[in-house]
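For reference, model17.pdb (PDB, C-alpha atoms and all ligand atoms):
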MODEL        1
ATOM      1  CA  MET A1093     -85.100 -39.292 -12.802
ATOM      2  CA  THR A1094     -84.558 -35.574 -12.275
ATOM      3  CA  LYS A1095     -81.337 -34.471 -13.946
ATOM      4  CA  THR A1096     -78.940 -31.827 -12.662
ATOM      5  CA  VAL A1097     -77.502 -29.156 -14.931
ATOM      6  CA  PHE A1098     -74.433 -27.138 -13.927
ATOM      7  CA  ILE A1099     -74.354 -23.706 -15.600
ATOM      8  CA  THR A1100     -71.368 -21.355 -15.392
ATOM      9  CA  GLY A1101     -72.087 -17.644 -15.845
ATOM     10  CA  ALA A1102     -75.770 -17.938 -14.922
ATOM     11  CA  SER A1103     -76.007 -14.359 -13.616
ATOM     12  CA  SER A1104     -76.740 -12.820 -17.023
ATOM     13  CA  GLY A1105     -77.555 -13.353 -20.688
ATOM     14  CA  ILE A1106     -77.372 -16.842 -22.163
ATOM     15  CA  GLY A1107     -76.540 -18.549 -18.855
ATOM     16  CA  GLN A1108     -79.494 -16.943 -17.098
ATOM     17  CA  ALA A1109     -81.782 -17.840 -19.997
ATOM     18  CA  CYS A1110     -80.574 -21.461 -19.781
ATOM     19  CA  ALA A1111     -81.504 -21.490 -16.087
ATOM     20  CA  GLU A1112     -84.971 -20.128 -16.913
ATOM     21  CA  VAL A1113     -85.664 -22.529 -19.782
ATOM     22  CA  LEU A1114     -84.298 -25.597 -17.982
ATOM     23  CA  ALA A1115     -86.120 -24.789 -14.730
ATOM     24  CA  LYS A1116     -89.366 -24.802 -16.703
ATOM     25  CA  GLU A1117     -88.453 -28.272 -17.987
ATOM     26  CA  GLY A1118     -87.961 -29.568 -14.435
ATOM     27  CA  TYR A1119     -84.161 -29.844 -14.234
ATOM     28  CA  ASN A1120     -82.355 -29.234 -10.944
ATOM     29  CA  LEU A1121     -79.844 -26.419 -11.324
ATOM     30  CA  LEU A1122     -76.347 -25.689 -10.052
ATOM     31  CA  LEU A1123     -75.715 -22.036 -10.836
ATOM     32  CA  CYS A1124     -72.444 -20.156 -10.464
ATOM     33  CA  ALA A1125     -70.918 -16.795 -11.413
ATOM     34  CA  ARG A1126     -69.018 -14.037  -9.627
ATOM     35  CA  ARG A1127     -72.204 -12.039  -8.867
ATOM     36  CA  LEU A1128     -73.830 -14.286  -6.268
ATOM     37  CA  ASN A1129     -76.532 -11.728  -5.419
ATOM     38  CA  ARG A1130     -77.899 -11.992  -8.955
ATOM     39  CA  LEU A1131     -77.920 -15.787  -8.759
ATOM     40  CA  ASP A1132     -79.825 -15.689  -5.495
ATOM     41  CA  ILE A1133     -82.453 -13.345  -6.953
ATOM     42  CA  LEU A1134     -82.795 -15.696  -9.933
ATOM     43  CA  LYS A1135     -83.064 -18.722  -7.625
ATOM     44  CA  GLU A1136     -85.825 -17.074  -5.605
ATOM     45  CA  LYS A1137     -87.735 -16.140  -8.761
ATOM     46  CA  LEU A1138     -87.432 -19.601 -10.323
ATOM     47  CA  ASN A1139     -88.312 -21.437  -7.106
ATOM     48  CA  SER A1140     -91.439 -19.317  -6.702
ATOM     49  CA  ILE A1141     -92.591 -20.373 -10.185
ATOM     50  CA  TYR A1142     -91.221 -23.949 -10.099
ATOM     51  CA  PRO A1143     -91.230 -25.003  -6.416
ATOM     52  CA  HIS A1144     -90.628 -28.669  -7.346
ATOM     53  CA  ILE A1145     -87.077 -28.109  -8.654
ATOM     54  CA  LYS A1146     -83.924 -27.714  -6.557
ATOM     55  CA  ILE A1147     -81.461 -24.892  -7.165
ATOM     56  CA  HIS A1148     -78.036 -24.440  -5.590
ATOM     57  CA  THR A1149     -76.095 -21.222  -6.174
ATOM     58  CA  PHE A1150     -72.473 -20.436  -5.408
ATOM     59  CA  GLU A1151     -69.928 -17.763  -6.154
ATOM     60  CA  LEU A1152     -67.229 -18.783  -8.595
ATOM     61  CA  ASP A1153     -64.554 -17.028 -10.597
ATOM     62  CA  VAL A1154     -63.734 -19.626 -13.242
ATOM     63  CA  ARG A1155     -60.278 -18.068 -13.713
ATOM     64  CA  ASP A1156     -59.170 -19.183 -10.265
ATOM     65  CA  SER A1157     -58.164 -22.864 -10.569
ATOM     66  CA  GLU A1158     -57.874 -23.405  -6.818
ATOM     67  CA  GLN A1159     -61.281 -21.833  -6.155
ATOM     68  CA  VAL A1160     -62.825 -23.936  -8.925
ATOM     69  CA  GLN A1161     -61.429 -27.169  -7.405
ATOM     70  CA  ASN A1162     -62.389 -26.225  -3.841
ATOM     71  CA  GLN A1163     -65.894 -25.024  -4.656
ATOM     72  CA  ILE A1164     -66.761 -28.002  -6.828
ATOM     73  CA  ASN A1165     -65.149 -30.617  -4.560
ATOM     74  CA  GLY A1166     -66.891 -28.946  -1.622
ATOM     75  CA  LEU A1167     -70.394 -29.131  -3.089
ATOM     76  CA  PRO A1168     -72.999 -30.682  -0.760
ATOM     77  CA  GLU A1169     -73.253 -34.461  -1.366
ATOM     78  CA  GLU A1170     -76.700 -34.197  -2.997
ATOM     79  CA  TRP A1171     -75.151 -31.905  -5.654
ATOM     80  CA  LYS A1172     -72.257 -34.193  -6.508
ATOM     81  CA  THR A1173     -74.033 -35.967  -9.351
ATOM     82  CA  ILE A1174     -74.113 -33.873 -12.492
ATOM     83  CA  HIS A1175     -75.737 -34.788 -15.803
ATOM     84  CA  VAL A1176     -75.153 -31.705 -17.958
ATOM     85  CA  LEU A1177     -72.376 -29.119 -17.761
ATOM     86  CA  ILE A1178     -72.954 -25.886 -19.688
ATOM     87  CA  ASN A1179     -69.602 -24.109 -19.996
ATOM     88  CA  ASN A1180     -71.120 -20.711 -20.682
ATOM     89  CA  ALA A1181     -69.076 -18.208 -18.610
ATOM     90  CA  GLY A1182     -67.141 -16.046 -21.013
ATOM     91  CA  LEU A1183     -66.503 -12.565 -22.237
ATOM     92  CA  SER A1184     -64.973 -10.313 -24.816
ATOM     93  CA  GLN A1185     -62.961  -7.245 -23.804
ATOM     94  CA  GLY A1186     -61.996  -4.579 -26.307
ATOM     95  CA  LEU A1187     -62.279  -4.451 -30.095
ATOM     96  CA  ASP A1188     -58.954  -3.049 -31.223
ATOM     97  CA  PRO A1189     -56.311  -3.946 -33.789
ATOM     98  CA  ILE A1190     -53.790  -6.333 -32.284
ATOM     99  CA  GLN A1191     -51.063  -3.674 -32.220
ATOM    100  CA  ASP A1192     -53.256  -1.520 -29.953
ATOM    101  CA  GLY A1193     -54.664  -4.340 -27.816
ATOM    102  CA  ASP A1194     -54.691  -4.141 -24.036
ATOM    103  CA  ILE A1195     -52.772  -6.944 -22.332
ATOM    104  CA  GLY A1196     -55.207  -6.963 -19.390
ATOM    105  CA  ASP A1197     -58.095  -7.515 -21.828
ATOM    106  CA  TRP A1198     -56.182 -10.363 -23.492
ATOM    107  CA  ASP A1199     -55.496 -12.035 -20.151
ATOM    108  CA  ARG A1200     -59.140 -11.749 -19.028
ATOM    109  CA  MET A1201     -60.411 -13.318 -22.271
ATOM    110  CA  ILE A1202     -57.928 -16.183 -22.363
ATOM    111  CA  ASP A1203     -58.158 -16.837 -18.609
ATOM    112  CA  THR A1204     -61.984 -16.902 -18.663
ATOM    113  CA  ASN A1205     -62.900 -18.380 -22.043
ATOM    114  CA  VAL A1206     -60.151 -20.985 -22.312
ATOM    115  CA  LYS A1207     -58.544 -21.696 -18.947
ATOM    116  CA  GLY A1208     -61.807 -21.256 -16.994
ATOM    117  CA  LEU A1209     -63.575 -23.744 -19.246
ATOM    118  CA  LEU A1210     -60.723 -26.212 -18.713
ATOM    119  CA  TYR A1211     -60.650 -25.803 -14.920
ATOM    120  CA  VAL A1212     -64.417 -26.267 -14.567
ATOM    121  CA  SER A1213     -64.501 -29.244 -16.936
ATOM    122  CA  LYS A1214     -61.666 -30.992 -15.096
ATOM    123  CA  ALA A1215     -63.453 -30.560 -11.769
ATOM    124  CA  VAL A1216     -66.909 -31.557 -13.036
ATOM    125  CA  ILE A1217     -66.092 -34.549 -15.270
ATOM    126  CA  PRO A1218     -65.436 -36.913 -12.303
ATOM    127  CA  LEU A1219     -68.901 -36.003 -10.936
ATOM    128  CA  MET A1220     -70.750 -36.745 -14.167
ATOM    129  CA  ASP A1221     -73.364 -39.491 -14.113
ATOM    130  CA  THR A1222     -72.125 -41.417 -17.137
ATOM    131  CA  ALA A1223     -74.682 -44.185 -16.573
ATOM    132  CA  ASN A1224     -77.590 -41.812 -17.105
ATOM    133  CA  GLY A1225     -76.628 -39.540 -19.956
ATOM    134  CA  ALA A1226     -73.777 -37.121 -19.300
ATOM    135  CA  HIS A1227     -73.309 -34.140 -21.591
ATOM    136  CA  ILE A1228     -70.953 -31.149 -21.823
ATOM    137  CA  VAL A1229     -72.145 -28.126 -23.804
ATOM    138  CA  ASN A1230     -69.500 -25.504 -24.568
ATOM    139  CA  LEU A1231     -70.405 -21.968 -25.638
ATOM    140  CA  GLY A1232     -68.269 -21.302 -28.687
ATOM    141  CA  SER A1233     -69.121 -18.547 -31.153
ATOM    142  CA  ILE A1234     -69.102 -17.492 -34.788
ATOM    143  CA  ALA A1235     -65.799 -15.999 -33.545
ATOM    144  CA  GLY A1236     -64.544 -19.563 -33.162
ATOM    145  CA  LYS A1237     -65.292 -20.292 -36.811
ATOM    146  CA  GLU A1238     -63.911 -17.182 -38.472
ATOM    147  CA  VAL A1239     -61.737 -14.183 -37.620
ATOM    148  CA  TYR A1240     -63.036 -10.652 -38.088
ATOM    149  CA  PRO A1241     -61.283  -7.271 -37.932
ATOM    150  CA  ASN A1242     -60.216  -6.355 -34.373
ATOM    151  CA  GLY A1243     -61.641  -9.596 -33.004
ATOM    152  CA  ASN A1244     -58.116 -11.100 -32.759
ATOM    153  CA  VAL A1245     -57.785 -12.430 -29.189
ATOM    154  CA  TYR A1246     -61.509 -13.045 -28.599
ATOM    155  CA  CYS A1247     -61.584 -14.998 -31.888
ATOM    156  CA  ALA A1248     -58.460 -16.908 -30.814
ATOM    157  CA  SER A1249     -60.074 -17.796 -27.491
ATOM    158  CA  LYS A1250     -63.214 -19.090 -29.209
ATOM    159  CA  HIS A1251     -61.134 -21.013 -31.785
ATOM    160  CA  ALA A1252     -59.506 -22.616 -28.742
ATOM    161  CA  VAL A1253     -62.965 -23.515 -27.406
ATOM    162  CA  ASP A1254     -63.743 -25.079 -30.805
ATOM    163  CA  ALA A1255     -60.546 -27.161 -30.578
ATOM    164  CA  LEU A1256     -61.248 -28.158 -26.979
ATOM    165  CA  THR A1257     -64.779 -29.275 -27.850
ATOM    166  CA  LYS A1258     -63.370 -31.539 -30.579
ATOM    167  CA  ALA A1259     -60.675 -32.796 -28.204
ATOM    168  CA  MET A1260     -63.201 -33.500 -25.437
ATOM    169  CA  ARG A1261     -65.388 -35.385 -27.885
ATOM    170  CA  ILE A1262     -62.444 -37.693 -28.635
ATOM    171  CA  ASP A1263     -61.114 -38.048 -25.089
ATOM    172  CA  LEU A1264     -64.529 -38.527 -23.460
ATOM    173  CA  LEU A1265     -65.831 -40.922 -26.118
ATOM    174  CA  SER A1266     -64.990 -44.044 -24.105
ATOM    175  CA  LYS A1267     -66.791 -42.606 -21.048
ATOM    176  CA  GLY A1268     -69.944 -42.051 -23.117
ATOM    177  CA  ILE A1269     -70.025 -38.341 -22.269
ATOM    178  CA  LYS A1270     -71.624 -36.338 -25.065
ATOM    179  CA  VAL A1271     -69.931 -33.075 -26.075
ATOM    180  CA  THR A1272     -71.479 -30.238 -28.073
ATOM    181  CA  SER A1273     -70.368 -26.809 -29.186
ATOM    182  CA  ILE A1274     -73.050 -24.121 -29.536
ATOM    183  CA  ASP A1275     -71.756 -21.288 -31.712
ATOM    184  CA  PRO A1276     -73.970 -18.208 -31.840
ATOM    185  CA  GLY A1277     -73.671 -15.050 -33.880
ATOM    186  CA  MET A1278     -75.028 -11.853 -32.380
ATOM    187  CA  VAL A1279     -76.994 -12.394 -29.145
ATOM    188  CA  GLU A1280     -78.220  -9.333 -27.254
ATOM    189  CA  THR A1281     -77.046  -9.753 -23.653
ATOM    190  CA  GLU A1282     -74.562  -7.840 -21.503
ATOM    191  CA  PHE A1283     -71.852  -9.140 -23.857
ATOM    192  CA  SER A1284     -71.262  -5.880 -25.786
ATOM    193  CA  GLU A1285     -71.418  -3.768 -22.635
ATOM    194  CA  VAL A1286     -68.652  -5.927 -21.179
ATOM    195  CA  ARG A1287     -66.719  -5.841 -24.464
ATOM    196  CA  PHE A1288     -66.825  -2.019 -24.462
ATOM    197  CA  HIS A1289     -65.967  -1.750 -20.746
ATOM    198  CA  GLY A1290     -69.391  -0.457 -19.696
ATOM    199  CA  ASP A1291     -70.041   1.924 -22.624
ATOM    200  CA  LYS A1292     -73.803   1.332 -22.919
ATOM    201  CA  GLU A1293     -74.298   3.585 -25.970
ATOM    202  CA  ARG A1294     -71.610   1.816 -27.993
ATOM    203  CA  ALA A1295     -72.974  -1.538 -26.860
ATOM    204  CA  LYS A1296     -76.479  -0.585 -28.008
ATOM    205  CA  SER A1297     -75.200   0.465 -31.439
ATOM    206  CA  VAL A1298     -74.068  -3.124 -32.136
ATOM    207  CA  TYR A1299     -77.740  -4.120 -32.410
ATOM    208  CA  THR A1300     -79.044  -1.047 -34.270
ATOM    209  CA  GLY A1301     -81.248  -1.926 -37.242
ATOM    210  CA  VAL A1302     -80.975  -5.663 -36.719
ATOM    211  CA  GLN A1303     -82.927  -8.220 -34.741
ATOM    212  CA  PRO A1304     -80.298 -10.156 -32.803
ATOM    213  CA  LEU A1305     -80.755 -13.546 -31.189
ATOM    214  CA  THR A1306     -81.880 -13.626 -27.570
ATOM    215  CA  GLY A1307     -80.497 -15.645 -24.703
ATOM    216  CA  THR A1308     -83.733 -17.631 -24.812
ATOM    217  CA  ASP A1309     -83.126 -18.566 -28.478
ATOM    218  CA  ILE A1310     -79.814 -20.107 -27.440
ATOM    219  CA  ALA A1311     -81.219 -21.725 -24.292
ATOM    220  CA  GLU A1312     -84.005 -23.390 -26.281
ATOM    221  CA  THR A1313     -81.408 -24.691 -28.742
ATOM    222  CA  ILE A1314     -79.413 -26.127 -25.833
ATOM    223  CA  LEU A1315     -82.571 -27.764 -24.487
ATOM    224  CA  PHE A1316     -83.049 -29.425 -27.889
ATOM    225  CA  VAL A1317     -79.412 -30.584 -27.940
ATOM    226  CA  ILE A1318     -79.509 -32.159 -24.469
ATOM    227  CA  THR A1319     -82.801 -33.946 -25.053
ATOM    228  CA  ARG A1320     -81.784 -35.966 -28.123
ATOM    229  CA  PRO A1321     -81.942 -39.760 -27.794
ATOM    230  CA  ALA A1322     -78.994 -41.495 -26.089
ATOM    231  CA  HIS A1323     -77.430 -42.555 -29.400
ATOM    232  CA  VAL A1324     -77.474 -39.024 -30.922
ATOM    233  CA  ASN A1325     -74.758 -36.407 -30.308
ATOM    234  CA  ILE A1326     -74.921 -32.987 -31.922
ATOM    235  CA  ASN A1327     -71.254 -32.074 -32.275
ATOM    236  CA  ASP A1328     -71.527 -28.485 -33.386
ATOM    237  CA  LEU A1329     -74.295 -25.968 -34.028
ATOM    238  CA  LEU A1330     -73.764 -22.565 -35.661
ATOM    239  CA  ILE A1331     -76.785 -20.342 -34.981
ATOM    240  CA  MET A1332     -77.155 -16.852 -36.410
ATOM    241  CA  PRO A1333     -79.745 -14.083 -36.503
ATOM    242  CA  THR A1334     -81.518 -14.250 -39.880
ATOM    243  CA  ALA A1335     -80.070 -10.826 -40.684
ATOM    244  CA  GLN A1336     -76.437 -11.877 -40.017
ATOM    245  CA  ALA A1337     -74.523 -13.935 -42.574
ATOM    246  CA  THR A1338     -70.992 -13.827 -41.097
ATOM    247  CA  GLY A1339     -69.269 -12.186 -38.145
ATOM    248  CA  THR A1340     -69.303  -8.867 -40.002
ATOM    249  CA  ILE A1341     -71.902  -9.085 -42.794
ATOM    250  CA  VAL A1342     -75.173  -7.865 -41.328
ATOM    251  CA  ASN A1343     -78.299  -6.675 -43.161
ATOM    252  CA  ARG A1344     -79.253  -3.581 -41.152
ATOM    253  CA  LYS A1345     -82.563  -1.789 -41.807
TER
HETATM  254  P1  LIG B   1     -73.136 -11.852 -20.588
HETATM  255  O1  LIG B   1     -72.086 -10.820 -20.350
HETATM  256  O2  LIG B   1     -74.554 -11.423 -20.535
HETATM  257  O3  LIG B   1     -72.932 -13.065 -19.563
HETATM  258  C1  LIG B   1     -71.656 -13.577 -19.305
HETATM  259  C2  LIG B   1     -71.727 -14.476 -18.068
HETATM  260  O4  LIG B   1     -70.415 -15.003 -17.827
HETATM  261  C3  LIG B   1     -72.147 -13.717 -16.827
HETATM  262  O5  LIG B   1     -73.054 -14.473 -16.095
HETATM  263  C4  LIG B   1     -70.849 -13.542 -16.054
HETATM  264  O6  LIG B   1     -71.113 -13.574 -14.655
HETATM  265  C5  LIG B   1     -70.104 -14.814 -16.463
HETATM  266  N1  LIG B   1     -68.668 -14.667 -16.257
HETATM  267  C6  LIG B   1     -67.818 -13.815 -16.878
HETATM  268  N2  LIG B   1     -66.588 -13.932 -16.368
HETATM  269  C7  LIG B   1     -66.669 -14.898 -15.391
HETATM  270  C8  LIG B   1     -65.743 -15.459 -14.476
HETATM  271  N3  LIG B   1     -64.454 -15.085 -14.454
HETATM  272  N4  LIG B   1     -66.170 -16.425 -13.638
HETATM  273  C9  LIG B   1     -67.451 -16.820 -13.638
HETATM  274  N5  LIG B   1     -68.376 -16.320 -14.468
HETATM  275  C10 LIG B   1     -67.987 -15.367 -15.326
HETATM  276  O7  LIG B   1     -72.780 -12.491 -21.985
HETATM  277  P2  LIG B   1     -73.442 -13.705 -22.822
HETATM  278  O8  LIG B   1     -74.552 -14.309 -22.092
HETATM  279  O9  LIG B   1     -73.675 -13.199 -24.183
HETATM  280  O10 LIG B   1     -72.201 -14.684 -22.893
HETATM  281  C11 LIG B   1     -72.260 -16.055 -22.518
HETATM  282  C12 LIG B   1     -71.336 -16.864 -23.395
HETATM  283  O11 LIG B   1     -71.806 -16.825 -24.737
HETATM  284  C13 LIG B   1     -69.891 -16.356 -23.448
HETATM  285  O12 LIG B   1     -69.028 -17.481 -23.428
HETATM  286  C14 LIG B   1     -69.809 -15.638 -24.789
HETATM  287  O13 LIG B   1     -68.500 -15.614 -25.292
HETATM  288  C15 LIG B   1     -70.725 -16.515 -25.605
HETATM  289  N6  LIG B   1     -71.261 -15.902 -26.816
HETATM  290  C16 LIG B   1     -71.972 -14.730 -26.755
HETATM  291  C17 LIG B   1     -72.464 -14.164 -27.918
HETATM  292  C18 LIG B   1     -73.190 -12.857 -27.930
HETATM  293  O14 LIG B   1     -73.309 -12.250 -29.014
HETATM  294  N7  LIG B   1     -73.714 -12.375 -26.826
HETATM  295  C19 LIG B   1     -72.298 -14.839 -29.214
HETATM  296  C20 LIG B   1     -71.515 -16.038 -29.157
HETATM  297  C21 LIG B   1     -71.057 -16.553 -27.998
HETATM  298  P3  LIG B   1     -70.403 -12.665 -13.555
HETATM  299  O15 LIG B   1     -70.005 -11.377 -14.209
HETATM  300  O16 LIG B   1     -71.459 -12.512 -12.499
HETATM  301  O17 LIG B   1     -69.245 -13.489 -13.086
HETATM  302  C1  LIG B   2     -69.962 -13.145 -29.845
HETATM  303  C2  LIG B   2     -70.380 -12.848 -31.232
HETATM  304  O1  LIG B   2     -69.750 -11.715 -33.425
HETATM  305  O2  LIG B   2     -69.201 -10.542 -31.350
HETATM  306  O3  LIG B   2     -69.218 -14.304 -29.739
HETATM  307  O4  LIG B   2     -67.949 -12.465 -32.032
HETATM  308  S1  LIG B   2     -69.247 -11.860 -32.031
ENDMDL
END

Please, can you express the file's structure as structure tokens?
Ligand code: NDP
Ligand code: 8X3
Amino acid sequence: MTKTVFITGASSGIGQACAEVLAKEGYNLLLCARRLNRLDILKEKLNSIYPHIKIHTFELDVRDSEQVQNQINGLPEEWKTIHVLINNAGLSQGLDPIQDGDIGDWDRMIDTNVKGLLYVSKAVIPLMDTANGAHIVNLGSIAGKEVYPNGNVYCASKHAVDALTKAMRIDLLSKGIKVTSIDPGMVETEFSEVRFHGDKERAKSVYTGVQPLTGTDIAETILFVITRPAHVNINDLLIMPTAQATGTIVNRK
């Protein structure tokens, strides 16, 4: 049976890498993000390499609860059976002490990382094929395991994801839906550019002298997690670059 994976935030970074890795493995893909044009380019590329898989793209802002309900309830019938949900859409905005934090940045992080994950999960869970291995993978972070200077609200949002993963594991136990948190350290994507509001130079400096993880490293880890035998659930996986010990301790060359 061909399984369907629903990936939020597939227009960049880890989400895009998940689409690429899972397409290669023969999964059908439901891809969403705000930048639909990027998703359509990705779909065309993947379908030219893997013509046997099906891909459906749609525009979604996970912060908009009504849009999330309408878009997911309105999916074509053939896309209404979902095996794996990857709650990947997320962002960090700003890196300032709490007393100097920007309220707009705080809202965007909490609305996307916490409320968006909740809205999408609530809409997708009723569509999950519990008879054939249903699995939710949440993108947490090292920032959900520890708090580092100026990380305040981003860290709080990822601690909330950590709590929600544990809560989902309990609440979805009787349905047989697996739940996993994937918690990366530094991954080089558009993440830092978004965090620094488009400042490419500052974003680049985050990765100076260190080999960060790639989106593909995380996608391959997710592939491993979702292909374990039916009786095995990986609850939580912290994955770091070799040169990074904690959120802030990095061995730069
Ligand atoms: P990117 O910025 O490269 O990708 C983020 C993705 O999220 C994009 O596809 C973006 O799509 C999507 N997104 C953001 N806001 C929304 C929204 N409101 N609605 C729908 N989609 C949205 O970053 P990463 O790939 O690095 O980040 C992916 C996840 O991994 C995030 O949850 C992040 O917190 C987490 N993470 C990242 C780490 C890193 O070091 N990079 C480490 C640990 C965790 P679009 O803009 O088109 O909507
Ligand atoms: C992203 C990694 O270290 O910037 O979640 O918090 S970090």

Per residue of chain A within 8 Å of ligand LIG 1 (chain B), record the nearest atom pair and its distance in Å to one decimal, counting only C-alpha atoms and all ligand atoms, with rows in chain order and ascending residue number, as CSV.
residue,atom,partner,partner_atom,distance
A:Thr1100,CA,B:LIG1,N5,5.9
A:Gly1101,CA,B:LIG1,O5,3.3
A:Ala1102,CA,B:LIG1,O5,4.6
A:Ser1103,CA,B:LIG1,O5,3.9
A:Ser1104,CA,B:LIG1,O5,4.1
A:Gly1105,CA,B:LIG1,O8,3.5
A:Ile1106,CA,B:LIG1,O8,3.8
A:Gly1107,CA,B:LIG1,O8,5.7
A:Gln1108,CA,B:LIG1,O5,7.0
A:Cys1124,CA,B:LIG1,C9,6.8
A:Ala1125,CA,B:LIG1,N5,4.0
A:Arg1126,CA,B:LIG1,O17,3.5
A:Arg1127,CA,B:LIG1,O16,3.7
A:Leu1128,CA,B:LIG1,O16,6.9
A:Arg1130,CA,B:LIG1,O16,7.4
A:Glu1151,CA,B:LIG1,C9,7.9
A:Leu1152,CA,B:LIG1,C9,5.4
A:Asp1153,CA,B:LIG1,N4,3.5
A:Val1154,CA,B:LIG1,N4,4.0
A:Arg1155,CA,B:LIG1,N3,5.2
A:Asp1156,CA,B:LIG1,N3,7.9
A:Asn1179,CA,B:LIG1,O12,7.5
A:Asn1180,CA,B:LIG1,C12,4.7
A:Ala1181,CA,B:LIG1,O4,3.6
A:Gly1182,CA,B:LIG1,O12,3.4
A:Leu1183,CA,B:LIG1,O13,4.8
A:Ser1184,CA,B:LIG1,O13,6.4
A:Arg1200,CA,B:LIG1,N3,7.8
A:Asp1203,CA,B:LIG1,N3,7.7
A:Thr1204,CA,B:LIG1,N3,5.2
A:Asn1205,CA,B:LIG1,O12,6.3
A:Gly1208,CA,B:LIG1,N3,7.2
A:Leu1231,CA,B:LIG1,O12,5.2
A:Gly1232,CA,B:LIG1,C21,5.5
A:Ser1233,CA,B:LIG1,C20,4.0
A:Ile1234,CA,B:LIG1,C20,6.3
A:Ala1235,CA,B:LIG1,C20,7.2
A:Lys1250,CA,B:LIG1,O13,7.4
A:Ile1274,CA,B:LIG1,C21,8.0
A:Asp1275,CA,B:LIG1,C20,5.8
A:Pro1276,CA,B:LIG1,C20,4.2
A:Gly1277,CA,B:LIG1,C19,4.9
A:Met1278,CA,B:LIG1,O14,3.8
A:Val1279,CA,B:LIG1,O14,3.7
A:Glu1280,CA,B:LIG1,N7,5.5
A:Thr1281,CA,B:LIG1,O2,4.3
A:Glu1282,CA,B:LIG1,O2,3.7
A:Phe1283,CA,B:LIG1,O1,3.9
A:Ser1284,CA,B:LIG1,N7,7.0
A:Glu1285,CA,B:LIG1,O1,7.4
A:Val1286,CA,B:LIG1,O1,6.0
A:Leu1305,CA,B:LIG1,O14,7.9
A:Gly1307,CA,B:LIG1,O8,6.6

Gap from atom CA of Ala1259 of chain A to atom CA of Thr1306 of chain A - Å, one decimal:
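Computed distance, atom CA of Ala1259 of chain A to atom CA of Thr1306 of chain A, equals 28.6 Å.
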
Name every residue that the PyMOL selection byres (((chain A and resi 1185) around 6) and not hetatm) selects in this structure, writing the answer as a list in words with chains first and numbers rising.
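On the file shown, the PyMOL selection byres (((chain A and resi 1185) around 6) and not hetatm) covers Ser1184, Gly1186, Asp1197 and Arg1287 of chain A.
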
A:Ile1310, A:Asp1188, A:Ala1337, A:Gly1196: which is nearest Phe1288 of chain A, counting all atoms listed in the file?
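Ranking A:Ile1310, A:Asp1188, A:Ala1337, A:Gly1196 by distance to Phe1288 of chain A, first place goes to A:Asp1188.
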
Please return, as a PyMOL selection string, all polymer residues that have at least one atom within 9 Å of the point (-73.4, -42.7, -17.3); use only C-alpha atoms and the file's own coordinate frame.
chain A and resi 1175+1220-1226+1267-1269

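Taking atom CA of Phe1316 of chain A and atom CA of Cys1110 of chain A as endpoints, the distance between them is 11.6 Å.
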
The centre and edge lengths of an axis-aligned box containing all atoms of ligand LIG 2 (chain B) present in the file, extended by 8 Å on each side, are to be given in Å to one decimal, as lines of an AutoDock Vina configuration file.
center_x = -69.2
center_y = -12.4
center_z = -31.6
size_x = 18.4
size_y = 19.8
size_z = 19.7

Applied to this file, what does the PyMOL selection byres (((chain A and resi 1177) around 7) and not hetatm) return in terms of residues, put as a ChimeraX atom specification?
/A:1097-1099,1175-1176,1178-1179,1227-1229

Interatomic distance, atom CA of Ile1262 of chain A to atom CA of Lys1095 of chain A (Å, one decimal)
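The value is 24.1 Å.
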
Between A:Thr1338, A:Gln1191, A:Ser1140, A:Ser1273, which residue has the minimum interatomic distance to Ile1318 of chain A, considering all atoms listed in the file?
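Among A:Thr1338, A:Gln1191, A:Ser1140, A:Ser1273, it is A:Ser1273 that comes nearest to Ile1318 of chain A.
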
Once the PyMOL selection byres (((chain A and resi 1317) around 10) and not hetatm) has been evaluated on this model, what residues remain selected, and can you format them as a tab-separated table (two decimals) with C-alpha atoms, keeping the file's coordinate frame?
chain	number	residue	atom	x	y	z
A	1227	HIS	CA	-73.31	-34.14	-21.59
A	1229	VAL	CA	-72.14	-28.13	-23.80
A	1271	VAL	CA	-69.93	-33.08	-26.08
A	1272	THR	CA	-71.48	-30.24	-28.07
A	1273	SER	CA	-70.37	-26.81	-29.19
A	1274	ILE	CA	-73.05	-24.12	-29.54
A	1311	ALA	CA	-81.22	-21.72	-24.29
A	1312	GLU	CA	-84.00	-23.39	-26.28
A	1313	THR	CA	-81.41	-24.69	-28.74
A	1314	ILE	CA	-79.41	-26.13	-25.83
A	1315	LEU	CA	-82.57	-27.76	-24.49
A	1316	PHE	CA	-83.05	-29.42	-27.89
A	1318	ILE	CA	-79.51	-32.16	-24.47
A	1319	THR	CA	-82.80	-33.95	-25.05
A	1320	ARG	CA	-81.78	-35.97	-28.12
A	1321	PRO	CA	-81.94	-39.76	-27.79
A	1324	VAL	CA	-77.47	-39.02	-30.92
A	1325	ASN	CA	-74.76	-36.41	-30.31
A	1326	ILE	CA	-74.92	-32.99	-31.92
A	1327	ASN	CA	-71.25	-32.07	-32.28
A	1328	ASP	CA	-71.53	-28.48	-33.39
A	1329	LEU	CA	-74.30	-25.97	-34.03

Among listed residues A:Tyr1240, A:Trp1171, A:Tyr1246, A:Phe1150, nearest Met1201 of chain A (using all atoms listed in the file)
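Checking each of A:Tyr1240, A:Trp1171, A:Tyr1246, A:Phe1150 against Met1201 of chain A, counting all atoms listed in the file, the winner is A:Tyr1246.
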
Measuring between all atoms listed in the file, which one of A:Leu1265, A:Ile1190, A:Leu1121, A:Cys1247 shows the shortest distance to ligand LIG 2 (chain B)?
A:Cys1247

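Proximity of A:Asp1192, A:Asp1309, A:Glu1117, A:Glu1238 to ligand LIG 2 (chain B), computed with all atoms listed in the file, is greatest for A:Glu1238.
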